[in-house]
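Here is protein-v2.txt, consisting of compact mmCIF, C-alpha atoms:
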```txt
# COMPACT_ATOMS: atom_id res chain seq x y z
CA MET A 1 -3.00 95.84 -66.64
CA ALA A 2 -0.02 93.49 -67.04
CA VAL A 3 2.26 93.27 -70.09
CA ASP A 4 4.52 90.39 -71.16
CA ALA A 5 7.78 90.47 -73.12
CA GLN A 6 5.94 89.91 -76.41
CA GLY A 7 3.80 93.00 -75.90
CA ASN A 8 0.60 91.19 -74.97
CA PHE A 9 -1.67 92.98 -72.50
CA TYR A 10 -3.55 91.13 -69.75
CA GLY A 11 -6.39 92.55 -67.70
CA ALA A 12 -9.65 91.86 -65.92
CA THR A 13 -13.21 93.07 -66.38
CA ARG A 14 -15.38 93.43 -63.30
CA ASN A 15 -18.48 92.22 -65.15
CA GLY A 16 -19.31 90.60 -68.45
CA GLY A 17 -18.31 87.20 -69.69
CA THR A 18 -20.50 84.13 -69.99
CA THR A 19 -22.09 84.60 -66.55
CA ASN A 20 -21.59 88.37 -66.12
CA ASN A 21 -19.21 87.76 -63.19
CA GLY A 22 -16.14 89.14 -64.93
CA THR A 23 -13.34 87.90 -67.16
CA ILE A 24 -9.59 87.77 -67.59
CA PHE A 25 -8.55 88.78 -71.08
CA LYS A 26 -5.50 89.09 -73.33
CA ILE A 27 -4.95 91.60 -76.12
CA ASP A 28 -2.09 90.92 -78.54
CA PRO A 29 -0.03 93.69 -80.23
CA ALA A 30 -2.36 93.57 -83.25
CA GLY A 31 -5.36 94.37 -81.05
CA ASN A 32 -6.92 90.90 -81.06
CA GLU A 33 -8.66 90.02 -77.77
CA THR A 34 -8.87 86.56 -76.22
CA VAL A 35 -10.92 85.80 -73.12
CA LEU A 36 -8.70 83.54 -71.02
CA TYR A 37 -11.14 82.91 -68.18
CA ASN A 38 -14.82 83.51 -67.43
CA PHE A 39 -15.60 83.78 -63.72
CA LEU A 40 -18.57 81.67 -62.69
CA GLY A 41 -19.45 83.57 -59.53
CA GLN A 42 -19.08 80.39 -57.48
CA ALA A 43 -16.04 79.22 -55.52
CA ASP A 44 -13.84 81.00 -58.08
CA GLY A 45 -15.33 84.38 -57.10
CA SER A 46 -16.67 87.33 -59.05
CA LEU A 47 -15.70 90.93 -59.80
CA PRO A 48 -11.96 90.36 -60.48
CA LEU A 49 -9.40 93.16 -60.38
CA GLY A 50 -5.73 94.05 -60.15
CA LEU A 51 -3.67 91.59 -62.21
CA VAL A 52 0.07 91.47 -61.46
CA TRP A 53 2.85 89.12 -62.53
CA GLY A 54 4.02 86.65 -59.89
CA PRO A 55 7.58 85.36 -59.54
CA ASP A 56 6.52 82.09 -61.21
CA GLY A 57 5.33 83.81 -64.41
CA ALA A 58 1.63 83.46 -63.59
CA LEU A 59 -0.85 86.31 -63.16
CA TYR A 60 -2.24 87.01 -59.68
CA GLY A 61 -5.29 88.98 -58.60
CA ALA A 62 -8.33 89.17 -56.35
CA THR A 63 -12.09 88.95 -56.64
CA SER A 64 -14.31 91.16 -54.51
CA CYS A 65 -16.99 88.55 -53.92
CA THR A 66 -17.58 84.83 -53.66
CA TYR A 67 -20.71 83.07 -54.94
CA THR A 68 -21.93 86.11 -56.90
CA CYS A 69 -21.64 88.28 -53.78
CA TYR A 70 -24.31 86.39 -51.83
CA SER A 71 -21.81 84.70 -49.49
CA GLY A 72 -18.13 84.84 -48.75
CA GLY A 73 -15.77 87.77 -48.80
CA GLY A 74 -13.77 87.40 -52.01
CA THR A 75 -10.81 85.33 -53.19
CA LEU A 76 -7.17 85.50 -54.18
CA PHE A 77 -6.28 83.64 -57.37
CA LYS A 78 -3.58 82.91 -59.89
CA VAL A 79 -4.09 82.18 -63.56
CA ASP A 80 -1.57 81.09 -66.15
CA THR A 81 -1.42 82.54 -69.67
CA ALA A 82 -3.39 79.54 -70.97
CA GLY A 83 -6.33 80.50 -68.73
CA ASN A 84 -6.01 77.84 -66.03
CA LEU A 85 -7.17 79.43 -62.76
CA THR A 86 -6.33 78.34 -59.21
CA THR A 87 -8.04 79.82 -56.15
CA LEU A 88 -5.34 80.47 -53.54
CA TYR A 89 -7.51 81.71 -50.68
CA SER A 90 -11.19 82.36 -49.98
CA PHE A 91 -11.96 85.05 -47.41
CA ALA A 92 -14.52 84.21 -44.76
CA GLY A 93 -15.55 87.87 -44.74
CA THR A 94 -15.01 88.34 -41.00
CA THR A 95 -11.83 88.81 -38.98
CA ASP A 96 -9.64 87.54 -41.84
CA GLY A 97 -10.83 90.36 -44.12
CA ASN A 98 -13.70 91.07 -46.47
CA VAL A 99 -13.68 92.39 -50.06
CA PRO A 100 -10.02 92.36 -51.17
CA ASN A 101 -9.25 95.32 -53.40
CA GLY A 102 -6.32 96.77 -55.32
CA TYR A 103 -3.11 95.24 -56.56
CA LEU A 104 -1.18 92.52 -54.77
CA GLN A 105 2.42 92.88 -53.62
CA PHE A 106 5.02 90.07 -53.44
CA ASP A 107 8.08 89.93 -51.21
CA ALA A 108 11.30 88.01 -51.85
CA ALA A 109 10.02 85.00 -49.90
CA GLY A 110 6.91 84.67 -52.08
CA ASN A 111 4.47 86.09 -49.54
CA ILE A 112 1.57 88.08 -51.01
CA TYR A 113 0.34 91.31 -49.37
CA GLY A 114 -2.86 93.21 -50.04
CA THR A 115 -5.80 95.04 -48.51
CA THR A 116 -9.44 94.25 -47.81
CA PHE A 117 -11.91 97.13 -47.76
CA PHE A 118 -13.91 95.64 -44.88
CA GLY A 119 -13.33 92.96 -42.25
CA GLY A 120 -11.03 92.69 -39.28
CA LEU A 121 -12.28 93.91 -35.95
CA ASN A 122 -15.99 93.55 -35.27
CA GLY A 123 -17.79 96.81 -35.87
CA CYS A 124 -16.68 100.02 -37.53
CA GLY A 125 -18.43 103.13 -36.33
CA TYR A 126 -22.10 102.80 -37.16
CA TYR A 127 -21.54 99.55 -39.05
CA THR A 128 -21.30 95.94 -37.94
CA PHE A 129 -18.43 94.97 -40.25
CA GLY A 130 -14.76 95.76 -39.72
CA CYS A 131 -12.85 98.79 -40.96
CA GLY A 132 -10.52 96.83 -43.24
CA THR A 133 -7.24 94.96 -43.09
CA VAL A 134 -3.79 94.57 -44.56
CA PHE A 135 -3.16 90.84 -45.02
CA LYS A 136 -0.36 88.44 -45.90
CA LEU A 137 -0.80 85.16 -47.75
CA ALA A 138 2.11 82.74 -47.32
CA PRO A 139 3.17 80.38 -50.14
CA ASP A 140 1.55 77.49 -48.25
CA GLY A 141 -1.85 79.26 -48.36
CA THR A 142 -1.86 80.49 -44.75
CA GLU A 143 -3.44 83.93 -44.39
CA THR A 144 -2.40 86.34 -41.64
CA VAL A 145 -3.86 89.77 -40.84
CA VAL A 146 -0.90 92.14 -40.64
CA TYR A 147 -2.97 95.11 -39.47
CA GLU A 148 -6.61 95.75 -38.54
CA PHE A 149 -7.82 99.33 -38.96
CA GLN A 150 -9.55 100.75 -35.92
CA GLY A 151 -11.71 103.29 -37.75
CA SER A 152 -10.29 106.35 -36.06
CA THR A 153 -7.13 108.39 -36.60
CA ASP A 154 -5.37 105.33 -38.11
CA GLY A 155 -7.76 105.30 -41.10
CA THR A 156 -10.82 103.45 -42.32
CA TYR A 157 -11.37 101.28 -45.42
CA PRO A 158 -7.94 100.75 -47.02
CA SER A 159 -8.10 101.06 -50.78
CA GLY A 160 -5.78 100.13 -53.62
CA GLY A 161 -3.52 97.54 -52.01
CA VAL A 162 -0.02 98.25 -50.73
CA ILE A 163 3.43 98.87 -52.16
CA ALA A 164 6.75 98.04 -50.51
CA ASP A 165 10.13 99.71 -50.22
CA THR A 166 13.48 97.92 -50.29
CA LYS A 167 13.37 97.40 -46.50
CA GLY A 168 10.00 95.62 -46.56
CA ASN A 169 7.91 98.51 -45.23
CA LEU A 170 4.41 98.71 -46.72
CA TYR A 171 2.60 101.89 -47.79
CA GLY A 172 -1.04 102.50 -48.63
CA VAL A 173 -4.05 104.78 -48.29
CA THR A 174 -7.46 104.61 -46.63
CA LEU A 175 -10.58 106.05 -48.19
CA ASN A 176 -11.85 107.49 -44.91
CA GLY A 177 -10.76 107.95 -41.30
CA GLY A 178 -8.04 110.20 -40.00
CA ASP A 179 -9.30 113.43 -38.45
CA LEU A 180 -12.96 112.63 -37.81
CA ASN A 181 -13.66 116.28 -37.00
CA ILE A 182 -13.05 117.14 -40.65
CA ASN A 183 -15.76 116.15 -43.14
CA ALA A 184 -17.33 114.33 -40.15
CA PRO A 185 -18.18 111.64 -39.53
CA PRO A 186 -16.15 109.60 -42.07
CA GLY A 187 -12.95 111.68 -42.33
CA CYS A 188 -10.96 112.26 -45.52
CA GLY A 189 -8.52 109.38 -45.21
CA VAL A 190 -4.81 108.90 -44.54
CA VAL A 191 -1.56 107.73 -46.08
CA TYR A 192 -0.02 105.08 -43.85
CA LYS A 193 3.13 103.04 -43.41
CA LEU A 194 3.42 99.57 -41.88
CA ASN A 195 6.83 98.40 -40.74
CA THR A 196 7.92 94.76 -40.94
CA ARG A 197 6.38 94.10 -37.49
CA GLY A 198 2.97 95.44 -38.54
CA LYS A 199 3.22 98.72 -36.60
CA GLU A 200 1.30 101.50 -38.35
CA THR A 201 2.46 105.09 -38.74
CA VAL A 202 0.15 107.70 -40.28
CA LEU A 203 2.27 109.70 -42.73
CA HIS A 204 -0.44 112.17 -43.67
CA THR A 205 -4.03 112.93 -42.69
CA PHE A 206 -6.09 114.58 -45.40
CA GLU A 207 -8.10 117.67 -44.49
CA SER A 208 -10.27 118.14 -47.59
CA SER A 209 -8.39 121.25 -48.76
CA ASP A 210 -5.39 119.07 -49.68
CA GLY A 211 -7.47 116.13 -50.93
CA CYS A 212 -10.10 113.72 -49.66
CA GLN A 213 -10.75 110.01 -50.15
CA PRO A 214 -7.38 108.91 -51.57
CA GLU A 215 -7.84 105.81 -53.65
CA GLY A 216 -5.75 103.48 -55.77
CA GLU A 217 -2.18 102.22 -55.65
CA LEU A 218 0.62 104.55 -54.61
CA LEU A 219 3.77 105.04 -56.66
CA LEU A 220 7.15 105.06 -54.87
CA SER A 221 10.02 106.72 -56.72
CA LYS A 222 13.32 107.80 -55.15
CA LYS A 223 11.85 107.94 -51.63
CA VAL A 224 8.84 109.98 -52.74
CA LEU A 225 5.29 108.63 -52.63
CA TYR A 226 2.82 109.77 -55.27
CA GLY A 227 -0.93 109.23 -55.26
CA ALA A 228 -4.35 110.65 -56.04
CA ALA A 229 -7.43 111.66 -54.06
CA ASN A 230 -10.77 111.48 -55.82
CA ALA A 231 -12.29 114.43 -53.95
CA GLY A 232 -11.23 117.53 -52.06
CA GLY A 233 -8.46 119.91 -53.09
CA THR A 234 -8.89 123.55 -54.04
CA THR A 235 -11.70 122.73 -56.50
CA ALA A 236 -13.26 119.82 -54.53
CA TYR A 237 -12.73 117.59 -57.58
CA GLY A 238 -9.66 115.72 -56.34
CA ALA A 239 -5.92 116.19 -56.07
CA ILE A 240 -2.58 114.62 -57.01
CA PHE A 241 -0.22 114.50 -54.05
CA LYS A 242 3.32 113.54 -53.11
CA ILE A 243 4.94 112.73 -49.77
CA ASP A 244 8.69 112.96 -49.25
CA LEU A 245 9.94 110.00 -47.18
CA LYS A 246 13.51 111.31 -46.77
```

Re-express the file's structure as C-alpha cells.
Amino acid sequence: MAVDAQGNFYGATRNGGTTNNGTIFKIDPAGNETVLYNFLGQADGSLPLGLVWGPDGALYGATSCTYTCYSGGGTLFKVDTAGNLTTLYSFAGTTDGNVPNGYLQFDAAGNIYGTTFFGGLNGCGYYTFGCGTVFKLAPDGTETVVYEFQGSTDGTYPSGGVIADTKGNLYGVTLNGGDLNINAPPGCGVVYKLNTRGKETVLHTFESSDGCQPEGELLLSKKVLYGAANAGGTTAYGAIFKIDLK
C-alpha cells in the first residue's frame, strides 16, 4: 500500500476487475474507491502486487504472470496517478527470472531491484525451473540478474523483494533452502545479504524451531533486520524474528 501527501491510499488487487486479472485502485480519505487500472492479462500482465513510489512520483510494481499466466514470466510496470500504465520489462521466464514477487527497491541512480520466485539457473532440485533470482532493471530498461540462487545452503525461492542499507547492500529472505537436512528436502529458508558486487552471504539459516519459510519484505531499523516466518517456531505457527547487523 502506498500513500500520497493528501492521504490517498493506492494498492493492487491480485484478481478482480473487468477481466479478473487484477486492478490498481485508489481510496481517498473519505473512503471512496477509484479503480485506476484494470489489468487485461495480456502484455500488461496479471496478478499485480507491491506498489511503491518511484523517484518520479509514479507508482511501480510487478505482475506475477503475462498473458493470464499461460505464457511469459511476469512484468515490471509503472502507473501514474491518472491510471496510465507503462510496461517497463517483460520476463522471459527463464534465465532472466520468472514470477517477480514482493516490493521493488530503487537506488540513487534510478535502478530497480527485486526478486523472482523462480528462474535463473536451469533446474532446481526435482524441478526443471530455476531457484529464483535477484534482478536489477536499469533506467534504460536493461535487466541484469544480480544473483541466481543455487537451491542449496544459499537458499531457494526468494520471497518478498529486497531492501537496501545506506551502503547499497541488499537484504532478503528465501522461502526454502538453507540446511536441507532440516525439514528435508526443501529446508526452512534463509536470510541473506548481497553486497554491491552481487556476492551473497547467508546471515541466518532457519531450523524450524526458530521459524520456517520466512516470507515478505524485511524491515531495517538502526542496523537491525526484522521479519516474519509463516511456519515453525515454538508453536509451529510462525515467528517474528530480528537479526542484529552490528

Item to check | Gly57 of chain A environment, 10 Å, only C-alpha atoms, sequence neighbours closer than 5 positions dropped, as a ChimeraX atom specification | outcome: /A:4,52,79-81

Checklist entry - If you measure from atom CA of Leu245 of chain A to atom CA of Leu121 of chain A, what distance in Å do you get, rounded to one decimal? => result 29.6 Å

Item to check | Near-segment 143-159 of chain A list (8 Å; only C-alpha atoms; drop same-chain fewer than 6 positions) as a PyMOL selection string | outcome: chain A and resi 89+96-97+101-102+115-118+120-121+124-125+130-137+172-180+189-190+192+198-202+214-217

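Excluding Leu49 of chain A itself and same-chain residues fewer than 4 positions from it, the residues having an atom within 7 Å of it are Ala12, Arg14, Gly61, Ala62, Thr63 and Gly102 of chain A, counting all atoms listed in the file.
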
Next on the checklist: My list of candidates is A:Thr23, A:Pro55, A:Thr66, A:Thr87. Which is closest to Ala109 of chain A when distances are computed with all atoms listed in the file?
Outcome noted: A:Pro55

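For the point (0.4, 85.4, -57.8) in file coordinates, the residues within 10 Å, using only C-alpha atoms, are Leu51, Val52, Trp53, Gly54, Pro55, Asp56, Gly57, Ala58, Leu59, Tyr60, Gly61, Ala62, Leu76, Phe77, Lys78, Val79, Asp80, Thr86, Leu88, Leu104, Gln105, Phe106, Gly110, Asn111, Ile112 and Pro139 of chain A.
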
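Going from atom CA of Gly72 of chain A to atom CA of Phe91 of chain A covers 6.3 Å.
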
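Atom pair atom CA of Gln6 of chain A / atom CA of Asp28 of chain A has a distance of 8.4 Å (rounded to one decimal).
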